[in-house]
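Visitor: Just one file: target_20.cif, with mmCIF, C-alpha atoms.
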data_query
#
loop_
_atom_site.label_atom_id
_atom_site.label_comp_id
_atom_site.auth_asym_id
_atom_site.auth_seq_id
_atom_site.Cartn_x
_atom_site.Cartn_y
_atom_site.Cartn_z
CA MET A 1 122.46 64.98 90.43
CA LYS A 2 122.37 68.72 89.80
CA ARG A 3 126.05 68.81 90.70
CA ILE A 4 126.96 66.09 88.20
CA ARG A 5 128.31 67.17 84.82
CA GLU A 6 126.20 65.82 81.96
CA LEU A 7 128.28 64.18 79.23
CA THR A 8 127.06 64.06 75.64
CA LEU A 9 128.05 61.17 73.40
CA GLN A 10 128.28 61.99 69.70
CA SER A 11 129.07 59.85 66.68
CA GLY A 12 129.87 60.88 63.15
CA PRO A 13 132.19 60.37 60.18
CA THR A 14 134.78 62.78 61.59
CA SER A 15 136.05 63.69 65.02
CA PRO A 16 137.90 66.66 66.48
CA GLN A 17 141.64 66.73 66.05
CA CYS A 18 143.39 64.81 68.81
CA GLN A 19 145.56 67.06 70.94
CA ILE A 20 146.50 64.42 73.52
CA GLN A 21 146.87 60.79 72.45
CA HIS A 22 146.61 58.02 75.04
CA GLY A 23 148.12 55.31 72.89
CA GLY A 24 144.85 53.60 72.13
CA LEU A 25 144.25 52.84 75.81
CA PRO A 26 140.65 52.47 77.04
CA ALA A 27 139.20 55.21 79.23
CA VAL A 28 136.92 54.68 82.23
CA VAL A 29 134.89 57.86 82.70
CA PHE A 30 133.02 58.61 85.94
CA SER A 31 132.04 61.42 88.29
CA ALA A 32 133.38 62.28 91.72
CA GLY A 33 130.51 64.71 92.33
CA GLY A 34 127.12 64.29 93.96
CA TYR A 35 127.64 63.33 97.61
CA THR A 36 131.42 63.32 97.35
CA GLY A 37 132.93 64.44 100.63
CA ASN A 38 130.77 62.04 102.60
CA PHE A 39 133.07 59.13 103.39
CA PHE A 40 130.36 56.51 102.85
CA HIS A 41 129.32 57.82 99.46
CA ASP A 42 132.93 58.17 98.33
CA PHE A 43 133.13 54.38 98.59
CA SER A 44 129.53 53.29 97.98
CA GLU A 45 129.04 55.28 94.76
CA GLY A 46 132.69 55.76 93.90
CA PHE A 47 135.43 53.29 94.64
CA ILE A 48 133.40 50.12 95.07
CA PRO A 49 131.62 50.63 91.69
CA LEU A 50 135.00 51.51 90.19
CA PHE A 51 136.37 48.21 91.53
CA VAL A 52 133.36 46.40 90.06
CA THR A 53 133.70 48.09 86.68
CA VAL A 54 137.44 47.59 86.29
CA ASN A 55 137.36 43.94 87.36
CA ALA A 56 134.26 43.14 85.32
CA LEU A 57 135.43 44.76 82.08
CA PHE A 58 139.22 44.58 82.37
CA PRO A 59 139.81 41.50 84.55
CA SER A 60 143.20 40.56 83.14
CA ASP A 61 144.67 43.94 82.31
CA ARG A 62 144.27 47.21 84.20
CA ASP A 63 146.08 49.23 81.55
CA ILE A 64 143.39 51.92 81.54
CA VAL A 65 143.09 55.66 82.00
CA LEU A 66 140.70 57.09 84.58
CA VAL A 67 138.80 60.17 83.39
CA VAL A 68 137.02 61.91 86.26
CA SER A 69 134.63 64.85 86.35
CA GLU A 70 133.94 66.98 89.46
CA ALA A 71 137.21 65.83 91.02
CA GLY A 72 138.51 68.53 93.34
CA ASP A 73 142.19 68.78 94.14
CA TRP A 74 141.45 67.66 97.71
CA TRP A 75 139.73 64.52 96.42
CA ILE A 76 142.67 63.64 94.18
CA ARG A 77 145.09 64.16 97.07
CA LYS A 78 143.05 62.17 99.59
CA TYR A 79 142.56 59.17 97.33
CA ALA A 80 145.79 59.37 95.32
CA ASP A 81 147.11 56.02 96.54
CA LEU A 82 143.81 54.25 95.92
CA LEU A 83 143.49 55.74 92.43
CA ARG A 84 146.98 54.50 91.62
CA SER A 85 145.88 50.98 92.52
CA PHE A 86 143.51 51.07 89.52
CA THR A 87 145.84 52.62 86.96
CA LYS A 88 149.48 53.49 86.45
CA HIS A 89 148.58 56.41 84.21
CA PRO A 90 147.90 60.03 85.26
CA ILE A 91 144.27 60.85 86.05
CA VAL A 92 142.49 63.00 83.48
CA VAL A 93 140.17 65.48 85.20
CA ILE A 94 137.35 66.99 83.17
CA GLY A 95 136.86 70.69 83.79
CA ASN A 96 140.14 71.20 85.59
CA GLY A 97 143.14 72.73 83.86
CA THR A 98 143.90 71.83 80.27
CA ALA A 99 141.53 68.84 80.17
CA ALA A 100 138.61 71.21 79.71
CA ALA A 101 140.06 72.79 76.56
CA GLU A 102 141.97 69.91 74.97
CA THR A 103 140.80 66.87 73.05
CA HIS A 104 141.96 63.56 74.51
CA CYS A 105 141.80 60.46 72.34
CA PHE A 106 141.42 56.88 73.58
CA GLY A 107 140.98 53.51 71.94
CA SER A 108 137.60 53.13 73.64
CA ALA A 109 135.64 54.56 76.54
CA THR A 110 133.42 53.15 79.25
CA VAL A 111 131.20 55.99 80.46
CA GLY A 112 129.73 55.53 83.93
CA LEU A 113 130.33 52.83 86.52
CA ILE A 114 128.65 49.50 87.17
CA TYR A 115 126.69 49.73 90.42
CA HIS A 116 125.54 46.65 92.34
CA GLY A 117 123.91 48.51 95.24
CA MET A 118 124.98 50.38 98.34
CA ALA A 119 128.52 49.32 99.27
CA THR A 120 127.92 46.08 97.40
CA VAL A 121 129.91 43.76 95.18
CA ASN A 122 127.58 41.04 93.90
CA PRO A 123 129.71 37.89 93.40
CA ASN A 124 127.11 36.46 91.03
CA LEU A 125 127.88 39.28 88.59
CA MET A 126 131.66 39.24 88.94
CA PRO A 127 134.34 37.16 87.18
CA GLY A 128 135.49 34.46 89.57
CA GLY A 129 132.82 35.41 92.10
CA GLN A 130 134.72 38.39 93.50
CA ASN A 131 133.10 40.11 96.47
CA LEU A 132 133.78 42.77 99.11
CA THR A 133 136.55 40.63 100.58
CA GLN A 134 138.57 41.14 97.39
CA PHE A 135 137.92 44.86 97.60
CA ARG A 136 139.31 44.78 101.13
CA LEU A 137 142.41 43.01 99.79
CA LEU A 138 142.86 45.92 97.41
CA LEU A 139 142.70 48.30 100.39
CA GLN A 140 145.22 46.12 102.21
CA GLU A 141 147.63 46.29 99.27
CA THR A 142 147.11 50.05 98.98
CA TYR A 143 147.31 51.14 102.60
CA GLY A 144 148.79 48.20 104.48
CA GLY A 145 152.07 47.80 102.64
CA GLY A 146 151.14 44.25 101.69
CA GLY A 147 150.90 43.13 105.31
CA ARG A 148 150.13 44.23 108.83
CA THR A 149 152.75 46.58 110.23
CA GLY A 150 153.57 47.35 113.82
CA ILE A 151 151.24 44.63 115.16
CA GLN A 152 152.92 41.62 116.67
CA ASN A 153 151.47 38.18 117.04
CA TRP A 154 149.14 38.06 120.05
CA ALA A 155 151.12 35.38 121.86
CA GLU A 156 154.47 37.05 121.16
CA SER A 157 153.36 40.53 122.18
CA GLY A 158 151.86 39.38 125.45
CA ARG A 159 148.65 41.24 124.65
CA ARG A 160 145.89 39.66 126.66
CA ARG A 161 142.94 41.85 125.77
CA PRO A 162 141.09 42.13 122.47
CA ARG A 163 141.38 45.60 120.93
CA LEU A 164 138.10 47.47 120.43
CA VAL A 165 138.14 50.60 118.28
CA LEU A 166 135.48 53.03 119.49
CA VAL A 167 134.61 55.24 116.52
CA ALA A 168 133.57 58.62 117.89
CA ARG A 169 131.42 61.32 116.30
CA PRO A 170 131.90 65.05 116.82
CA MET A 171 129.13 66.58 118.89
CA GLY A 172 126.82 69.07 117.22
CA ILE A 173 126.22 67.15 113.98
CA GLY A 174 123.71 64.62 115.27
CA ARG A 175 123.92 61.03 116.51
CA GLY A 176 126.54 61.94 119.06
CA LEU A 177 127.21 59.53 121.93
CA LEU A 178 126.32 61.52 125.06
CA ASN A 179 127.84 59.05 127.52
CA GLU A 180 130.88 58.03 125.52
CA GLN A 181 133.20 57.93 128.54
CA GLU A 182 130.83 55.60 130.38
CA VAL A 183 130.55 53.35 127.33
CA ARG A 184 134.31 53.20 127.08
CA ALA A 185 134.60 52.31 130.77
CA ALA A 186 131.96 49.59 130.35
CA ALA A 187 133.90 48.09 127.43
CA GLU A 188 137.11 48.11 129.47
CA LYS A 189 135.30 46.39 132.35
CA VAL A 190 134.19 43.66 129.98
CA GLY A 191 137.85 43.14 129.12
CA PHE A 192 138.59 45.21 126.02
CA GLU A 193 141.58 47.39 125.33
CA VAL A 194 139.71 50.41 123.95
CA VAL A 195 141.17 52.71 121.29
CA ARG A 196 139.16 55.88 120.56
CA PHE A 197 139.17 56.88 116.90
CA LEU A 198 137.76 60.22 115.77
CA PRO A 199 138.34 60.59 112.01
CA ARG A 200 138.96 64.16 110.90
CA GLY A 201 139.46 65.89 107.59
CA ASN A 202 143.24 65.57 107.87
CA THR A 203 143.20 61.90 108.91
CA THR A 204 144.92 59.98 106.12
CA LEU A 205 143.48 56.72 104.91
CA ARG A 206 146.78 55.04 105.67
CA GLU A 207 146.44 56.12 109.32
CA ALA A 208 142.82 55.00 109.45
CA PHE A 209 143.66 51.65 107.90
CA ALA A 210 146.43 51.03 110.44
CA VAL A 211 144.01 51.65 113.31
CA MET A 212 141.31 49.36 111.94
CA ASP A 213 143.71 46.68 110.76
CA SER A 214 144.96 46.35 114.33
CA ALA A 215 141.44 45.96 115.74
CA ASP A 216 139.68 42.81 116.85
CA ALA A 217 136.38 44.68 117.11
CA MET A 218 134.82 48.02 116.23
CA VAL A 219 131.87 49.88 117.72
CA GLY A 220 130.17 53.14 116.82
CA VAL A 221 126.90 54.94 116.24
CA HIS A 222 125.44 54.69 112.74
CA GLY A 223 127.04 57.27 110.44
CA ALA A 224 129.50 57.73 107.61
CA ALA A 225 132.48 56.79 109.79
CA MET A 226 131.11 53.25 109.98
CA THR A 227 132.47 52.91 106.44
CA HIS A 228 135.77 52.12 108.15
CA LEU A 229 134.42 48.60 108.57
CA LEU A 230 135.91 48.06 105.11
CA PHE A 231 139.34 48.33 106.77
CA LEU A 232 138.64 45.62 109.37
CA ARG A 233 140.09 42.17 108.86
CA PRO A 234 137.49 39.57 107.86
CA GLY A 235 136.37 37.74 110.99
CA ALA A 236 136.66 40.75 113.29
CA ALA A 237 133.58 41.85 115.23
CA PHE A 238 131.52 44.93 114.39
CA LEU A 239 128.90 46.40 116.75
CA GLN A 240 126.70 49.09 115.22
CA VAL A 241 124.59 51.31 117.48
CA VAL A 242 121.38 52.11 115.58
CA PRO A 243 119.49 55.30 116.55
CA LEU A 244 115.74 55.68 116.12
CA GLY A 245 114.57 55.93 112.52
CA THR A 246 117.85 54.72 110.99
CA GLU A 247 117.15 50.99 111.04
CA TRP A 248 116.82 50.57 107.28
CA ALA A 249 119.88 52.68 106.48
CA ALA A 250 121.94 50.93 109.17
CA GLU A 251 121.23 47.52 107.65
CA VAL A 252 121.62 48.49 104.00
CA CYS A 253 124.68 50.71 104.38
CA TYR A 254 126.64 48.75 106.99
CA GLY A 255 124.90 45.61 108.22
CA GLY A 256 124.75 43.94 104.81
CA PRO A 257 128.29 44.93 103.80
CA ALA A 258 129.63 43.76 107.18
CA LYS A 259 128.18 40.30 106.63
CA ALA A 260 129.47 40.25 103.05
CA MET A 261 132.91 41.13 104.41
CA GLY A 262 132.84 38.14 106.73
CA LEU A 263 132.65 40.27 109.87
CA GLU A 264 130.92 39.12 113.04
CA TYR A 265 128.10 41.66 112.95
CA VAL A 266 126.08 42.67 116.01
CA GLU A 267 123.39 45.36 115.97
CA TYR A 268 122.25 47.38 118.98
CA ARG A 269 118.97 49.18 118.33
CA ILE A 270 118.37 51.88 120.91
CA THR A 271 115.07 52.31 122.69
CA VAL A 272 113.08 55.55 122.76
CA ALA A 273 114.42 56.23 126.25
CA GLU A 274 117.99 56.20 124.90
CA SER A 275 117.24 58.84 122.26
CA SER A 276 117.45 62.57 122.92
CA LEU A 277 114.29 62.88 120.80
CA ALA A 278 112.32 61.53 123.77
CA ALA A 279 112.73 64.93 125.43
CA LYS A 280 111.62 66.85 122.32
CA PHE A 281 108.48 65.00 121.23
CA ASP A 282 105.28 63.75 122.80
CA PRO A 283 105.44 60.01 123.63
CA GLU A 284 102.52 59.43 121.24
CA SER A 285 104.22 61.23 118.35
CA LEU A 286 104.87 59.17 115.22
CA VAL A 287 108.43 60.47 115.35
CA LEU A 288 108.96 58.18 118.34
CA LYS A 289 106.32 55.49 117.93
CA ASP A 290 106.58 54.75 114.21
CA PRO A 291 109.50 56.39 112.36
CA PRO A 292 108.73 54.69 108.99
CA ALA A 293 105.15 55.98 109.13
CA TYR A 294 106.35 59.46 110.08
CA ARG A 295 108.88 59.57 107.27
CA GLY A 296 106.75 57.94 104.59
CA LYS A 297 108.36 58.60 101.21
CA ASP A 298 109.66 62.01 102.23
CA TRP A 299 113.37 61.42 102.84
CA SER A 300 113.79 65.03 104.03
CA LYS A 301 112.02 64.01 107.24
CA MET A 302 115.03 61.83 108.04
CA TRP A 303 116.73 65.05 109.14
CA VAL A 304 115.16 64.77 112.58
CA TYR A 305 116.77 61.34 113.08
CA LEU A 306 120.11 62.16 111.47
CA ARG A 307 120.81 65.67 112.76
CA GLU A 308 118.54 66.34 115.73
CA GLN A 309 119.08 63.07 117.58
CA ASN A 310 121.79 62.09 120.03
CA VAL A 311 122.18 58.84 121.94
CA ARG A 312 122.61 58.01 125.61
CA ILE A 313 123.17 54.26 125.82
CA ASP A 314 121.60 52.15 128.58
CA LEU A 315 124.79 50.69 130.01
CA VAL A 316 123.04 47.75 131.69
CA ARG A 317 121.42 46.60 128.44
CA PHE A 318 124.49 47.44 126.37
CA ARG A 319 126.79 45.32 128.53
CA GLU A 320 125.16 42.15 127.20
CA TYR A 321 126.04 43.19 123.67
CA LEU A 322 129.57 44.09 124.67
CA GLU A 323 130.01 40.67 126.23
CA THR A 324 128.81 39.00 123.03
CA VAL A 325 131.22 41.06 120.96
CA TYR A 326 134.03 40.38 123.42
CA GLU A 327 133.62 36.63 122.98
CA LYS A 328 133.75 36.99 119.21
CA ALA A 329 136.72 39.36 119.33
CA GLU A 330 138.72 37.19 121.72
CA LYS A 331 138.20 34.14 119.54
CA PHE A 332 139.30 36.17 116.52
CA MET A 333 142.35 37.52 118.36
CA ARG A 334 143.52 34.08 119.47
CA LYS A 335 143.19 32.78 115.94
CA ASN A 336 144.70 35.72 114.06
CA GLY A 337 146.99 37.48 116.50
#
How would this structure read if it were set down as structure tokens?

Guide:
Amino acid sequence: MKRIRELTLQSGPTSPQCQIQHGGLPAVVFSAGGYTGNFFHDFSEGFIPLFVTVNALFPSDRDIVLVVSEAGDWWIRKYADLLRSFTKHPIVVIGNGTAAAETHCFGSATVGLIYHGMATVNPNLMPGGQNLTQFRLLLQETYGGGGRTGIQNWAESGRRRPRLVLVARPMGIGRGLLNEQEVRAAAEKVGFEVVRFLPRGNTTLREAFAVMDSADAMVGVHGAAMTHLLFLRPGAAFLQVVPLGTEWAAEVCYGGPAKAMGLEYVEYRITVAESSLAAKFDPESLVLKDPPAYRGKDWSKMWVYLREQNVRIDLVRFREYLETVYEKAEKFMRKNG
């Protein structure tokens, strides 16, 4: 929160002279600061609450102006298409260029976004019961050109294997998959066509959407890149590998949203033997035996699980999960192409 600009609301008989008029349009004011730059938080605290706010307060007319603080040029560029899906008007950035020195006037302003929880759209609080599936439709309209492109019907294309997207993590940042090649080979043996996807800073969201939209299943180790589940078609399968100590975060950040999206969700919780932490700590250490007790209320202790831990999957045990996901993915493929 220290990186979030504090806005002060004032009322009085007079106001500063308007230098830029927005025709009486309403403004929606929010921050792109905080944990911006982390793909999960960009959506969980940014675009999903923006979707909630706009559809809850302006359900029939999106003729609004977005006013954003802490929005870097890179953020505007990366999410330009998605921002345009919320408004046809130019974005006003506080503290960048003339917006910092000029007085903008609107008919009204909504300051802050409505937040339902991590990556959550609560249908009970939305007009018409909208949920994450509708948010995914917005992503489809934004990045999919209104329909799937370059992917033929399963029967017409002759494709006989479900497509599994293996979401990779760079090594050296924690939660890396130490035997990724073996995992890929195991998935191919089960019957999958495996596509490796390693999102990078220059990977466009349109490219990422195309990869995920073509998938029948997705697998990866818990981390921000799992946010790409929002790009999967409802009904596809999602297998999340959960490292030690990340069980709560895995469920709240991705397990719950996956179910809300209508995905076939499968969770693989690793054993101590599959964690690189087993070689660093005594077997009786709370780090290994009881992560919640070790962490307590001190979230900083999560660092050991998030940054110091890598995963080497037990291929014999993992095969059972792959087979379960394969059955779900094949059924989905035959139904949806």

Visitor: Name the residues that the PyMOL selection byres ((chain A and resi 277) around 8) picks from the file above, as a list in words, using the file's chain letters and numbers.

Guide: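 With the shown file as input, the PyMOL selection byres ((chain A and resi 277) around 8) matches Val272, Ser275, Ser276, Ala278, Ala279, Lys280, Phe281, Leu288, Glu308, Gln309 and Asn310 of chain A.
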
Visitor: Written as a ChimeraX atom specification, what is the full residue list that the PyMOL selection byres ((chain A and resi 80) around 12) yields on the file shown?

Guide: /A:71-79,81-91,142-143,204-206

Visitor: Put those residues in a file: C-alpha atoms, as a PDB file, in the coordinates of the input.

Guide:
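Output saved as again29.pdb:
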ATOM      1  CA  ALA A  71     137.210  65.830  91.020  1.00  0.00           C
ATOM      2  CA  GLY A  72     138.510  68.530  93.340  1.00  0.00           C
ATOM      3  CA  ASP A  73     142.190  68.780  94.140  1.00  0.00           C
ATOM      4  CA  TRP A  74     141.450  67.660  97.710  1.00  0.00           C
ATOM      5  CA  TRP A  75     139.730  64.520  96.420  1.00  0.00           C
ATOM      6  CA  ILE A  76     142.670  63.640  94.180  1.00  0.00           C
ATOM      7  CA  ARG A  77     145.090  64.160  97.070  1.00  0.00           C
ATOM      8  CA  LYS A  78     143.050  62.170  99.590  1.00  0.00           C
ATOM      9  CA  TYR A  79     142.560  59.170  97.330  1.00  0.00           C
ATOM     10  CA  ASP A  81     147.110  56.020  96.540  1.00  0.00           C
ATOM     11  CA  LEU A  82     143.810  54.250  95.920  1.00  0.00           C
ATOM     12  CA  LEU A  83     143.490  55.740  92.430  1.00  0.00           C
ATOM     13  CA  ARG A  84     146.980  54.500  91.620  1.00  0.00           C
ATOM     14  CA  SER A  85     145.880  50.980  92.520  1.00  0.00           C
ATOM     15  CA  PHE A  86     143.510  51.070  89.520  1.00  0.00           C
ATOM     16  CA  THR A  87     145.840  52.620  86.960  1.00  0.00           C
ATOM     17  CA  LYS A  88     149.480  53.490  86.450  1.00  0.00           C
ATOM     18  CA  HIS A  89     148.580  56.410  84.210  1.00  0.00           C
ATOM     19  CA  PRO A  90     147.900  60.030  85.260  1.00  0.00           C
ATOM     20  CA  ILE A  91     144.270  60.850  86.050  1.00  0.00           C
ATOM     21  CA  THR A 142     147.110  50.050  98.980  1.00  0.00           C
ATOM     22  CA  TYR A 143     147.310  51.140 102.600  1.00  0.00           C
ATOM     23  CA  THR A 204     144.920  59.980 106.120  1.00  0.00           C
ATOM     24  CA  LEU A 205     143.480  56.720 104.910  1.00  0.00           C
ATOM     25  CA  ARG A 206     146.780  55.040 105.670  1.00  0.00           C
TER      26      ARG A 206
END

Visitor: Here's the selection I'm unsure about, the PyMOL selection byres ((chain A and resi 117) around 12); applied to the file above, which residues does it give, as a ChimeraX atom specification?

Guide: /A:41,43-46,48-49,52,113-116,118-122,252-253,256-257

Visitor: Using atom CA of Thr53 of chain A and atom CA of Phe209 of chain A as the two end points, give the distance in Å to one decimal.

Guide: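 Spanning atom CA of Thr53 of chain A to atom CA of Phe209 of chain A is a straight-line distance of 23.7 Å.
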
Visitor: Can you work out which one of A:Val65, A:Leu230, A:Val54, A:Ala224 has the shortest atom-to-atom distance to Phe135 of chain A, counting only C-alpha atoms?

Guide: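 Of the candidates, the smallest distance to Phe135 of chain A is held by A:Leu230.
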
Visitor: Using all atoms listed in the file, which of the listed residues (A:Asn55, A:Ser285, A:Pro234, A:Leu198) sits closest to Pro127 of chain A?

Guide: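 Of the candidates, the smallest distance to Pro127 of chain A is held by A:Asn55.
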
Visitor: Please determine, counting only C-alpha atoms, which residue among A:Gly191, A:Met1, A:Gly128, A:Pro243 has the shortest atom-to-atom distance to Ser60 of chain A.

Guide: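 Checking each candidate against Ser60 of chain A, we get A:Gly128 as the closest.
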
Visitor: Figure out the distance between atom CA of Tyr268 of chain A and atom CA of Val219 of chain A, please, to one decimal in Å.

Guide: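 It comes out at 10.0 Å.
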
Visitor: Atom CA of Gln240 of chain A and atom CA of Ile173 of chain A are how many Å apart?

Guide: 18.1 Å

Visitor: Tell me which protein, DNA and RNA residues are within 12 Å of Gln181 of chain A, counting all atoms listed in the file, leaving out same-chain ones fewer than 5 positions away, and put them as an MDAnalysis selection string.

Guide: chainID A and resid 166 168 186:188 194:196 312:313 315
